[in-house]
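Written below as structure tokens is the structure these notes are about.
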Amino acid sequence: MTNKKSWLYVFSAPVLIALFCVVILPLLFGVYYSFTDWDGVTVNGFVGFQNYLNVFKDPGFRQALWFTTKFSVVSIILINVIGLGLALLVTQKFKGTSLLRTIFFMPNLIGGLILGFIWQFVFIKAFASFGNLVGIESLQTWLSTTQTGFWALVIVMCWQMSGYIMVIYISYLQSVDVSLLEAASLDGANDWQQFWKIKFPMIMPGFTVSLFMTLSNCFKLYDQNLSLTGGGPYNSTQMVAMNIFNTAFSQNKMGYAQAKAVIFFIIVAVISLTQVYMTKKKEVEV
Amino acid sequence: MKTSFKKIGLGLFVAGLTLSLAACGNSGTDKQADGKKTTTVDIFQFKVEFNDQFKQVAKDYEEEHPGVKINISTVGGGDDYGAALKTKFASGEEPAIFNIGGPEDLKTWKKYLADVSDTKAAENALEGTLNGVKKDDKVLGLPYNMEGYGLLYNKKVFKEAGIKVEDIKTQEDLRAAAETLDKKKKELGLEAVFALPAKETWVTGLHSSNLFIAPEFDNDVNKTYEAKEVSFKYGKEFKEYIDVQQEYSVQPTTSLDYSKQMEELFSNGKVAMTQQGNWVYGTIEEIDEEFAEENVGILPVPVNGVSENKIPVGVPNYWAVNKNKDEKVQKEARKFMDWLYTSDEGKEAVLEEFKFIPAYSGYDTDKIADPLSKQVYEYSKDGNATGWVFMGYPTDWGMNVLGAGIQKYVSDNASWDEVVKEAQEQWKTSRQ
């Protein structure tokens, strides 16, 4: 027993060490810096909790946090609904499902920055000329107002992540025991009932994973935000990650940005851990 | 047997630990390790546009000066450069020569900046070009070049519309010209008169605002940097300048960016005027060489009560020498800078390869490569230049407060007074 345990330590050591070096240490450094007046070059002094107090007085940060939350809620729901929908579609029995899977997954292979620039073109050019044609003004100014900018971000995020989430759901859907479904259909359950009463509970673990992934990805989004709207107009579509980056590198307030980052870390950690705990409880054992 | 495995395992564990810890701690020790005679001067700079030419010139220098290696790396763009430079310093790979922008950078990097007042380049720097980097008799940077901006206008369109640039002396004249152009825009093939790139907050928040804030601080960047408050003495004129552009611009301005402004609209003759500087010449040239050569002029932005026929000319960036480096490296770095800006070969490269407007005396200015730069140089030579003070704004104030405020204003989400008030308050807070 003890032997087995010590082997466990030995084999997990490389990973643990790597994790310690690239995650834990920087985190500790980060927490340390958040208590200082650091401008990225010199630590000018220890300021205690001043940075943290300032964060709560910072309207820009509050606004970014609120915007990020709204964005995340809408995106998480849409991505999971679309992802599950696509998964159900391509697990049906008809020709071309594997081709469809590939197509749906493809957006995820394009990097976020490039994707943002491609969609920027779509929003500014394609949307505008379509808007011109049918005379809808909001289509012509798609990236230049806060509301439409918000939806632009949601659209791109869904387009990119749905395929990925679809793959996760496919794997869970395929692992649902066929005998259960057969038994249900013998008992007279229709497709709808089969989905809600059998498939849905069976793929609960899939929800845990997918929700966690979409949640953390949406909250930490930076690249699409940068390439699509750049936070504009007037920083109203700025998300938290971008707010932190700008505080650090364009305002030269590294220490203050660190404090924001620590707070952001805590928020994301609490939300995702709660989510994992709650969805885990709903999972069923066969 | 089992215990021996355990020991091996433990040994591996310890070895792995030490290795990775060593990897963590191994930074910033070997700055100048080679005992040989070559001295390496690492240059970390931000001007992407002339990277290739600069590297070529450095190679020529290496050939002429055996024993010196010039190592150039480039990271472009404002914020990215700042972030990358900090990373360089934090990782211990400190460059010998790097770029600073003005008073704010002077403060950030003060413990690294060497006094370069003894260089020949500093001696030859044109009057006023060292203002931003002087501190108690010390000169802490050497100017790159000079740049200037104003309203770029399409000469052909102006001619066809019968507008003479010399006649535009006041803001009323500018508005009148815009009205005339607007009436004829169908015949002239224009989409609109102006392109106001409100998305690019550096255009509105830094360059436009400079026109109207500089007179308040006597065109002095240091005065601006020390000012506790900004009064927007010429706020009304500033508003009119934004208004006239917004009214006659291609819409929506809040998502109009640099590439749309220059490449799509101005270079293709879709707008008659837009505010930019001589640095855009390369961009226009890529789209339409003939247009760039023949058809682009700079119209000084009139500011009622302050300036007619004057354009702001300034130094966008400075070279700084790292004080922390070896004496020898520092010496070679200075030598290279002197060579670049004061030797005959260097001068030729600066004018013809880099296409700079020189910030130093002793140049054959007839050789200034492009017509835009030439015009800027003429203004400067004739004493018709005002200064750049936006490097003295509070950090990020120009772009993120004022520039963002102007976005709010042009999209009808705030009144001008609100924008001004917010900007004033932010200035005050950051200068406390």
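Identifiers in the structure tokens: chain A, B, ... in order shown; residue index from 1 per chain; ligand index from 1 in order shown.
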Residues of chain A within 8 Å of chain B, using only C-alpha atoms, as a list of chain:residue names?
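Every residue meeting the condition is included here: A:Ser6, A:Trp7, A:Val10, A:Ala13, A:Pro14, A:Ile17, A:Ala18, A:Cys21, A:Asp39, A:Gly40, A:Val41, A:Thr42, A:Thr141, A:Leu143, A:Ser144, A:Gly232, A:Pro233, A:Tyr234, A:Asn235, A:Phe249, A:Ser250, A:Gln251, A:Asn252.
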For region 255-259 of chain A: contacts at 8 Å, only C-alpha atoms, fewer than 5 positions along chain excluded, given as number ranges by chain:
A: 30-31, 33-39, 51-52, 55, 244-245, 247-248
Those residues you just picked out, can you put them in a file as a PDB file, in the first residue's frame with N, CA, C and O atoms?
ATOM      1  N   GLY A  30       2.019  36.796  -8.395  1.00  0.00           N
ATOM      2  CA  GLY A  30       0.945  37.716  -8.753  1.00  0.00           C
ATOM      3  C   GLY A  30       0.258  38.278  -7.527  1.00  0.00           C
ATOM      4  O   GLY A  30       0.017  39.477  -7.426  1.00  0.00           O
ATOM      5  N   VAL A  31      -0.027  37.397  -6.587  1.00  0.00           N
ATOM      6  CA  VAL A  31      -0.676  37.846  -5.364  1.00  0.00           C
ATOM      7  C   VAL A  31       0.238  38.825  -4.624  1.00  0.00           C
ATOM      8  O   VAL A  31      -0.194  39.873  -4.149  1.00  0.00           O
ATOM      9  N   TYR A  33       2.538  40.788  -5.952  1.00  0.00           N
ATOM     10  CA  TYR A  33       2.585  42.065  -6.670  1.00  0.00           C
ATOM     11  C   TYR A  33       1.310  42.879  -6.492  1.00  0.00           C
ATOM     12  O   TYR A  33       1.328  44.101  -6.574  1.00  0.00           O
ATOM     13  N   SER A  34       0.191  42.164  -6.262  1.00  0.00           N
ATOM     14  CA  SER A  34      -1.059  42.899  -6.140  1.00  0.00           C
ATOM     15  C   SER A  34      -1.084  43.770  -4.884  1.00  0.00           C
ATOM     16  O   SER A  34      -1.939  44.628  -4.742  1.00  0.00           O
ATOM     17  N   PHE A  35      -0.141  43.533  -3.993  1.00  0.00           N
ATOM     18  CA  PHE A  35      -0.079  44.371  -2.788  1.00  0.00           C
ATOM     19  C   PHE A  35       0.941  45.495  -2.923  1.00  0.00           C
ATOM     20  O   PHE A  35       1.250  46.183  -1.971  1.00  0.00           O
ATOM     21  N   THR A  36       1.519  45.620  -4.145  1.00  0.00           N
ATOM     22  CA  THR A  36       2.553  46.638  -4.310  1.00  0.00           C
ATOM     23  C   THR A  36       2.147  47.659  -5.360  1.00  0.00           C
ATOM     24  O   THR A  36       1.186  47.471  -6.087  1.00  0.00           O
ATOM     25  N   ASP A  37       2.925  48.724  -5.419  1.00  0.00           N
ATOM     26  CA  ASP A  37       2.721  49.746  -6.429  1.00  0.00           C
ATOM     27  C   ASP A  37       3.739  49.492  -7.537  1.00  0.00           C
ATOM     28  O   ASP A  37       4.713  50.196  -7.680  1.00  0.00           O
ATOM     29  N   TRP A  38       3.491  48.449  -8.315  1.00  0.00           N
ATOM     30  CA  TRP A  38       4.459  47.987  -9.307  1.00  0.00           C
ATOM     31  C   TRP A  38       4.092  48.573 -10.663  1.00  0.00           C
ATOM     32  O   TRP A  38       2.942  48.512 -11.072  1.00  0.00           O
ATOM     33  N   ASP A  39       5.068  49.133 -11.393  1.00  0.00           N
ATOM     34  CA  ASP A  39       4.744  49.662 -12.714  1.00  0.00           C
ATOM     35  C   ASP A  39       5.311  48.789 -13.823  1.00  0.00           C
ATOM     36  O   ASP A  39       5.375  49.180 -14.978  1.00  0.00           O
ATOM     37  N   ASN A  51      -4.802  48.644  -3.469  1.00  0.00           N
ATOM     38  CA  ASN A  51      -5.174  48.245  -4.820  1.00  0.00           C
ATOM     39  C   ASN A  51      -6.543  47.581  -4.851  1.00  0.00           C
ATOM     40  O   ASN A  51      -7.360  47.846  -5.724  1.00  0.00           O
ATOM     41  N   TYR A  52      -6.772  46.706  -3.874  1.00  0.00           N
ATOM     42  CA  TYR A  52      -8.046  45.983  -3.835  1.00  0.00           C
ATOM     43  C   TYR A  52      -9.205  46.940  -3.589  1.00  0.00           C
ATOM     44  O   TYR A  52     -10.270  46.818  -4.185  1.00  0.00           O
ATOM     45  N   VAL A  55     -10.065  48.758  -6.725  1.00  0.00           N
ATOM     46  CA  VAL A  55     -10.776  47.968  -7.722  1.00  0.00           C
ATOM     47  C   VAL A  55     -12.278  48.150  -7.561  1.00  0.00           C
ATOM     48  O   VAL A  55     -13.007  48.322  -8.535  1.00  0.00           O
ATOM     49  N   ILE A 244      -8.109  44.313 -17.643  1.00  0.00           N
ATOM     50  CA  ILE A 244      -6.903  44.037 -16.865  1.00  0.00           C
ATOM     51  C   ILE A 244      -5.659  44.292 -17.704  1.00  0.00           C
ATOM     52  O   ILE A 244      -4.717  44.953 -17.272  1.00  0.00           O
ATOM     53  N   PHE A 245      -5.673  43.814 -18.934  1.00  0.00           N
ATOM     54  CA  PHE A 245      -4.509  44.002 -19.799  1.00  0.00           C
ATOM     55  C   PHE A 245      -4.228  45.487 -20.016  1.00  0.00           C
ATOM     56  O   PHE A 245      -3.090  45.936 -19.920  1.00  0.00           O
ATOM     57  N   THR A 247      -5.121  48.012 -18.128  1.00  0.00           N
ATOM     58  CA  THR A 247      -4.636  48.633 -16.901  1.00  0.00           C
ATOM     59  C   THR A 247      -3.150  48.364 -16.742  1.00  0.00           C
ATOM     60  O   THR A 247      -2.375  49.244 -16.365  1.00  0.00           O
ATOM     61  N   ALA A 248      -2.762  47.139 -17.053  1.00  0.00           N
ATOM     62  CA  ALA A 248      -1.365  46.764 -16.848  1.00  0.00           C
ATOM     63  C   ALA A 248      -0.461  47.437 -17.862  1.00  0.00           C
ATOM     64  O   ALA A 248       0.563  48.010 -17.498  1.00  0.00           O
TER      65      ALA A 248
END
Who sits within 10 Å of Trp119 (chain A), only C-alpha atoms, same chain under 4 positions skipped, as a list in words
Leu113, Ile114, Leu115, Phe123, Ile124, Lys125, Ala126, Ala152, Leu153, Ile155, Val156, Gln224, Ser227 and Leu228 of chain A
Keeping N, CA, C and O atoms for every residue in the selection just given, could you write it to a file as a PDB file, in the first residue's frame?
ATOM      1  N   LEU A 113      -8.049  35.191 -32.804  1.00  0.00           N
ATOM      2  CA  LEU A 113      -7.735  36.497 -33.377  1.00  0.00           C
ATOM      3  C   LEU A 113      -8.145  36.568 -34.836  1.00  0.00           C
ATOM      4  O   LEU A 113      -8.809  37.505 -35.274  1.00  0.00           O
ATOM      5  N   ILE A 114      -7.748  35.526 -35.578  1.00  0.00           N
ATOM      6  CA  ILE A 114      -8.044  35.504 -37.005  1.00  0.00           C
ATOM      7  C   ILE A 114      -9.544  35.452 -37.219  1.00  0.00           C
ATOM      8  O   ILE A 114     -10.109  36.174 -38.039  1.00  0.00           O
ATOM      9  N   LEU A 115     -10.172  34.622 -36.418  1.00  0.00           N
ATOM     10  CA  LEU A 115     -11.618  34.510 -36.471  1.00  0.00           C
ATOM     11  C   LEU A 115     -12.266  35.866 -36.275  1.00  0.00           C
ATOM     12  O   LEU A 115     -13.189  36.250 -37.003  1.00  0.00           O
ATOM     13  N   PHE A 123     -19.119  41.502 -40.444  1.00  0.00           N
ATOM     14  CA  PHE A 123     -20.022  42.451 -39.792  1.00  0.00           C
ATOM     15  C   PHE A 123     -19.992  43.817 -40.476  1.00  0.00           C
ATOM     16  O   PHE A 123     -21.017  44.455 -40.666  1.00  0.00           O
ATOM     17  N   ILE A 124     -18.792  44.264 -40.814  1.00  0.00           N
ATOM     18  CA  ILE A 124     -18.692  45.616 -41.362  1.00  0.00           C
ATOM     19  C   ILE A 124     -19.111  45.667 -42.825  1.00  0.00           C
ATOM     20  O   ILE A 124     -19.845  46.550 -43.239  1.00  0.00           O
ATOM     21  N   LYS A 125     -18.660  44.677 -43.594  1.00  0.00           N
ATOM     22  CA  LYS A 125     -18.954  44.731 -45.027  1.00  0.00           C
ATOM     23  C   LYS A 125     -20.269  44.030 -45.382  1.00  0.00           C
ATOM     24  O   LYS A 125     -21.186  44.640 -45.911  1.00  0.00           O
ATOM     25  N   ALA A 126     -20.335  42.733 -45.062  1.00  0.00           N
ATOM     26  CA  ALA A 126     -21.487  41.953 -45.499  1.00  0.00           C
ATOM     27  C   ALA A 126     -22.767  42.450 -44.834  1.00  0.00           C
ATOM     28  O   ALA A 126     -23.768  42.708 -45.498  1.00  0.00           O
ATOM     29  N   ALA A 152     -22.521  40.746 -31.632  1.00  0.00           N
ATOM     30  CA  ALA A 152     -21.449  40.303 -32.524  1.00  0.00           C
ATOM     31  C   ALA A 152     -20.529  39.343 -31.776  1.00  0.00           C
ATOM     32  O   ALA A 152     -20.182  38.270 -32.283  1.00  0.00           O
ATOM     33  N   LEU A 153     -20.179  39.712 -30.554  1.00  0.00           N
ATOM     34  CA  LEU A 153     -19.300  38.849 -29.757  1.00  0.00           C
ATOM     35  C   LEU A 153     -19.961  37.505 -29.488  1.00  0.00           C
ATOM     36  O   LEU A 153     -19.335  36.448 -29.591  1.00  0.00           O
ATOM     37  N   ILE A 155     -22.317  36.006 -31.218  1.00  0.00           N
ATOM     38  CA  ILE A 155     -22.400  35.215 -32.452  1.00  0.00           C
ATOM     39  C   ILE A 155     -21.066  34.515 -32.747  1.00  0.00           C
ATOM     40  O   ILE A 155     -21.012  33.312 -32.994  1.00  0.00           O
ATOM     41  N   VAL A 156     -19.998  35.277 -32.685  1.00  0.00           N
ATOM     42  CA  VAL A 156     -18.695  34.697 -33.008  1.00  0.00           C
ATOM     43  C   VAL A 156     -18.312  33.612 -32.009  1.00  0.00           C
ATOM     44  O   VAL A 156     -17.813  32.548 -32.376  1.00  0.00           O
ATOM     45  N   GLN A 224     -11.033  37.362 -29.218  1.00  0.00           N
ATOM     46  CA  GLN A 224     -12.118  37.826 -30.090  1.00  0.00           C
ATOM     47  C   GLN A 224     -12.519  39.244 -29.736  1.00  0.00           C
ATOM     48  O   GLN A 224     -12.825  40.047 -30.599  1.00  0.00           O
ATOM     49  N   SER A 227      -9.943  41.553 -31.350  1.00  0.00           N
ATOM     50  CA  SER A 227      -9.940  41.703 -32.802  1.00  0.00           C
ATOM     51  C   SER A 227     -11.281  42.164 -33.345  1.00  0.00           C
ATOM     52  O   SER A 227     -11.346  42.779 -34.393  1.00  0.00           O
ATOM     53  N   LEU A 228     -12.335  41.902 -32.621  1.00  0.00           N
ATOM     54  CA  LEU A 228     -13.660  42.245 -33.146  1.00  0.00           C
ATOM     55  C   LEU A 228     -14.043  43.688 -32.844  1.00  0.00           C
ATOM     56  O   LEU A 228     -14.313  44.471 -33.746  1.00  0.00           O
TER      57      LEU A 228
END
Determine, counting only C-alpha atoms, which protein, DNA and RNA residues have an atom within 12 Å of an atom of Thr237 (chain A); residues of the same chain fewer than 2 positions away are not included. Present the result as a ChimeraX atom specification.
/A:60-61,63-71,143-154,221-222,224-235,239-243 /B:404
Separating CA of Lys381 (chain B) from CA of Asp364 (chain B), to the nearest tenth of an Å, is a gap of 13.0 Å
Taking 2 positions as the minimum chain separation for residues in the same chain, which residues sit within 12 Å of Lys185 (chain B) when counting only C-alpha atoms? Answer as a PyMOL selection string.
chain B and resi 157-158+160-161+177-183+187-194+248-249+269-272
Selected residues, C-alpha atoms, written as a CSV table (one decimal), in the first residue's frame, please.
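Output contents, as saved in part-v8.csv:
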chain,number,residue,atom,x,y,z
B,157,VAL,CA,-10.7,66.9,-55.9
B,158,PHE,CA,-9.9,70.3,-54.5
B,160,GLU,CA,-12.1,70.2,-59.5
B,161,ALA,CA,-14.3,71.7,-56.8
B,177,ALA,CA,-15.1,74.2,-48.0
B,178,ALA,CA,-16.7,71.1,-46.6
B,179,GLU,CA,-20.1,72.4,-47.6
B,180,THR,CA,-19.0,73.1,-51.1
B,181,LEU,CA,-17.4,69.7,-51.5
B,182,ASP,CA,-20.5,68.0,-50.0
B,183,LYS,CA,-22.8,69.7,-52.6
B,187,GLU,CA,-19.7,64.7,-59.5
B,188,LEU,CA,-16.4,64.4,-57.6
B,189,GLY,CA,-17.0,60.7,-56.9
B,190,LEU,CA,-16.8,61.2,-53.2
B,191,GLU,CA,-18.6,59.0,-50.6
B,192,ALA,CA,-18.2,61.9,-48.2
B,193,VAL,CA,-16.0,64.9,-47.5
B,194,PHE,CA,-14.2,63.6,-44.5
B,248,TYR,CA,-19.5,65.4,-43.3
B,249,SER,CA,-17.8,62.1,-42.6
B,269,GLY,CA,-10.4,59.1,-53.7
B,270,LYS,CA,-13.6,58.4,-51.8
B,271,VAL,CA,-13.0,61.2,-49.3
B,272,ALA,CA,-11.5,64.6,-49.9
Given the choices B:Ala96, B:Ile43, B:Leu152, B:Ile284, which gets closest to Ser73 (chain B) if the distance is worked out from only C-alpha atoms?
B:Ile43
Please report the interatomic distance between CA of Phe94 (chain A) and CA of Cys158 (chain A) in Å with one decimal.
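Separation of CA of Phe94 (chain A) and CA of Cys158 (chain A): 25.2 Å.
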For Ser175 (chain A), work out the shell of residues within 12 Å, counting only C-alpha atoms and skipping chain neighbours fewer than 6 positions away, then give it as a ChimeraX atom specification.
/A:91,168-169,181,199,202-206,286
Give me every strand (DSSP E) residue in region 317-372 of chain B, going by DSSP on the backbone, as an NGL selection string.
:B and (318-321)
From CA of Gln238 (chain A) to CA of Glu425 (chain B) the spacing works out at 21.7 Å
As a ChimeraX atom specification, list the residues of region 133-225 of chain B assigned to alpha helix (DSSP H) by DSSP on the backbone atoms of this structure.
/B:155-161,171-183,185-188,201,209-213,221-225
Taking N, CA, C and O atoms for each residue, export the selection above as a tab-separated table (two decimals), in the first residue's frame.
chain	number	residue	atom	x	y	z
B	155	LYS	N	-5.62	66.65	-53.79
B	155	LYS	CA	-5.41	67.86	-54.58
B	155	LYS	C	-6.34	67.94	-55.78
B	155	LYS	O	-6.85	69.00	-56.12
B	156	LYS	N	-6.53	66.78	-56.42
B	156	LYS	CA	-7.33	66.77	-57.64
B	156	LYS	C	-8.78	67.16	-57.33
B	156	LYS	O	-9.37	68.00	-58.03
B	157	VAL	N	-9.31	66.57	-56.28
B	157	VAL	CA	-10.69	66.87	-55.91
B	157	VAL	C	-10.84	68.35	-55.56
B	157	VAL	O	-11.80	69.02	-55.98
B	158	PHE	N	-9.87	68.87	-54.83
B	158	PHE	CA	-9.93	70.28	-54.46
B	158	PHE	C	-9.93	71.17	-55.70
B	158	PHE	O	-10.64	72.15	-55.78
B	159	LYS	N	-9.10	70.78	-56.65
B	159	LYS	CA	-8.98	71.59	-57.86
B	159	LYS	C	-10.29	71.56	-58.65
B	159	LYS	O	-10.80	72.58	-59.09
B	160	GLU	N	-10.84	70.36	-58.77
B	160	GLU	CA	-12.09	70.22	-59.52
B	160	GLU	C	-13.23	70.98	-58.86
B	160	GLU	O	-14.12	71.50	-59.53
B	161	ALA	N	-13.20	71.02	-57.54
B	161	ALA	CA	-14.26	71.72	-56.83
B	161	ALA	C	-13.97	73.21	-56.75
B	161	ALA	O	-14.79	73.98	-56.24
B	171	GLN	N	-11.62	78.26	-39.11
B	171	GLN	CA	-12.49	77.08	-39.04
B	171	GLN	C	-13.77	77.29	-39.84
B	171	GLN	O	-14.34	76.34	-40.35
B	172	GLU	N	-14.17	78.57	-39.99
B	172	GLU	CA	-15.35	78.86	-40.82
B	172	GLU	C	-15.04	78.52	-42.28
B	172	GLU	O	-15.87	77.96	-42.99
B	173	ASP	N	-13.83	78.87	-42.71
B	173	ASP	CA	-13.43	78.54	-44.07
B	173	ASP	C	-13.46	77.04	-44.30
B	173	ASP	O	-13.88	76.56	-45.35
B	174	LEU	N	-13.00	76.31	-43.28
B	174	LEU	CA	-12.97	74.86	-43.40
B	174	LEU	C	-14.38	74.31	-43.58
B	174	LEU	O	-14.64	73.45	-44.42
B	175	ARG	N	-15.29	74.85	-42.77
B	175	ARG	CA	-16.67	74.40	-42.87
B	175	ARG	C	-17.26	74.75	-44.24
B	175	ARG	O	-17.93	73.92	-44.86
B	176	ALA	N	-16.95	75.95	-44.70
B	176	ALA	CA	-17.46	76.37	-46.01
B	176	ALA	C	-16.94	75.44	-47.10
B	176	ALA	O	-17.70	75.02	-47.99
B	177	ALA	N	-15.65	75.11	-47.01
B	177	ALA	CA	-15.07	74.21	-48.01
B	177	ALA	C	-15.76	72.85	-47.96
B	177	ALA	O	-16.06	72.24	-49.00
B	178	ALA	N	-16.02	72.38	-46.74
B	178	ALA	CA	-16.68	71.08	-46.59
B	178	ALA	C	-18.06	71.12	-47.22
B	178	ALA	O	-18.49	70.18	-47.89
B	179	GLU	N	-18.77	72.25	-47.02
B	179	GLU	CA	-20.11	72.38	-47.59
B	179	GLU	C	-20.06	72.34	-49.11
B	179	GLU	O	-20.86	71.64	-49.75
B	180	THR	N	-19.11	73.10	-49.66
B	180	THR	CA	-18.98	73.11	-51.12
B	180	THR	C	-18.72	71.71	-51.65
B	180	THR	O	-19.35	71.26	-52.62
B	181	LEU	N	-17.79	71.02	-51.00
B	181	LEU	CA	-17.45	69.67	-51.46
B	181	LEU	C	-18.64	68.73	-51.32
B	181	LEU	O	-18.88	67.88	-52.17
B	182	ASP	N	-19.38	68.92	-50.23
B	182	ASP	CA	-20.52	68.04	-49.98
B	182	ASP	C	-21.58	68.20	-51.07
B	182	ASP	O	-22.18	67.22	-51.50
B	183	LYS	N	-21.76	69.45	-51.52
B	183	LYS	CA	-22.76	69.70	-52.56
B	183	LYS	C	-22.37	69.01	-53.87
B	183	LYS	O	-23.21	68.55	-54.62
B	185	LYS	N	-20.49	66.36	-54.20
B	185	LYS	CA	-19.81	65.09	-53.98
B	185	LYS	C	-20.12	64.02	-55.03
B	185	LYS	O	-19.29	63.17	-55.31
B	186	LYS	N	-21.30	64.10	-55.62
B	186	LYS	CA	-21.62	63.14	-56.68
B	186	LYS	C	-20.68	63.27	-57.87
B	186	LYS	O	-20.11	62.30	-58.34
B	187	GLU	N	-20.52	64.52	-58.34
B	187	GLU	CA	-19.66	64.73	-59.51
B	187	GLU	C	-18.21	64.40	-59.21
B	187	GLU	O	-17.47	63.96	-60.08
B	188	LEU	N	-17.82	64.63	-57.96
B	188	LEU	CA	-16.42	64.41	-57.61
B	188	LEU	C	-16.13	62.95	-57.28
B	188	LEU	O	-14.98	62.59	-57.02
B	201	THR	N	-8.54	55.82	-31.41
B	201	THR	CA	-8.53	56.88	-30.40
B	201	THR	C	-7.23	57.66	-30.40
B	201	THR	O	-7.18	58.75	-29.86
B	209	SER	N	-6.63	66.26	-30.46
B	209	SER	CA	-6.70	67.03	-29.22
B	209	SER	C	-5.46	67.88	-29.04
B	209	SER	O	-5.52	68.98	-28.51
B	210	ASN	N	-4.32	67.37	-29.51
B	210	ASN	CA	-3.07	68.11	-29.38
B	210	ASN	C	-3.17	69.50	-30.00
B	210	ASN	O	-2.64	70.47	-29.47
B	211	LEU	N	-3.89	69.58	-31.12
B	211	LEU	CA	-4.03	70.87	-31.81
B	211	LEU	C	-4.65	71.92	-30.91
B	211	LEU	O	-4.33	73.10	-31.00
B	212	PHE	N	-5.54	71.47	-30.05
B	212	PHE	CA	-6.31	72.42	-29.25
B	212	PHE	C	-5.85	72.50	-27.80
B	212	PHE	O	-6.23	73.39	-27.07
B	213	ILE	N	-5.04	71.54	-27.38
B	213	ILE	CA	-4.55	71.56	-26.00
B	213	ILE	C	-3.14	72.13	-25.93
B	213	ILE	O	-2.79	72.78	-24.97
B	221	VAL	N	5.87	70.21	-23.96
B	221	VAL	CA	5.46	68.89	-23.46
B	221	VAL	C	5.72	68.77	-21.95
B	221	VAL	O	4.95	68.15	-21.22
B	222	ASN	N	6.80	69.40	-21.49
B	222	ASN	CA	7.10	69.29	-20.06
B	222	ASN	C	6.09	70.05	-19.21
B	222	ASN	O	5.72	69.60	-18.13
B	223	LYS	N	5.65	71.20	-19.73
B	223	LYS	CA	4.61	71.95	-19.02
B	223	LYS	C	3.34	71.11	-18.93
B	223	LYS	O	2.66	71.08	-17.91
B	224	THR	N	3.03	70.44	-20.03
B	224	THR	CA	1.86	69.59	-20.05
B	224	THR	C	1.99	68.47	-19.03
B	224	THR	O	1.05	68.15	-18.31
B	225	TYR	N	3.19	67.93	-18.98
B	225	TYR	CA	3.42	66.80	-18.08
B	225	TYR	C	3.30	67.22	-16.62
B	225	TYR	O	2.88	66.44	-15.77
Near region 310-321 of chain B, counting only C-alpha atoms, which residues have an atom at most 9 Å away, once you skip same-chain residues fewer than 2 positions from it, shown as a ChimeraX atom specification?
/B:45,95-102,112-116,128-130,132-133,140-150,207,210-211,298-302,307-308,323-325,330,333-334,337,359,376-377,379-380,383-389,391
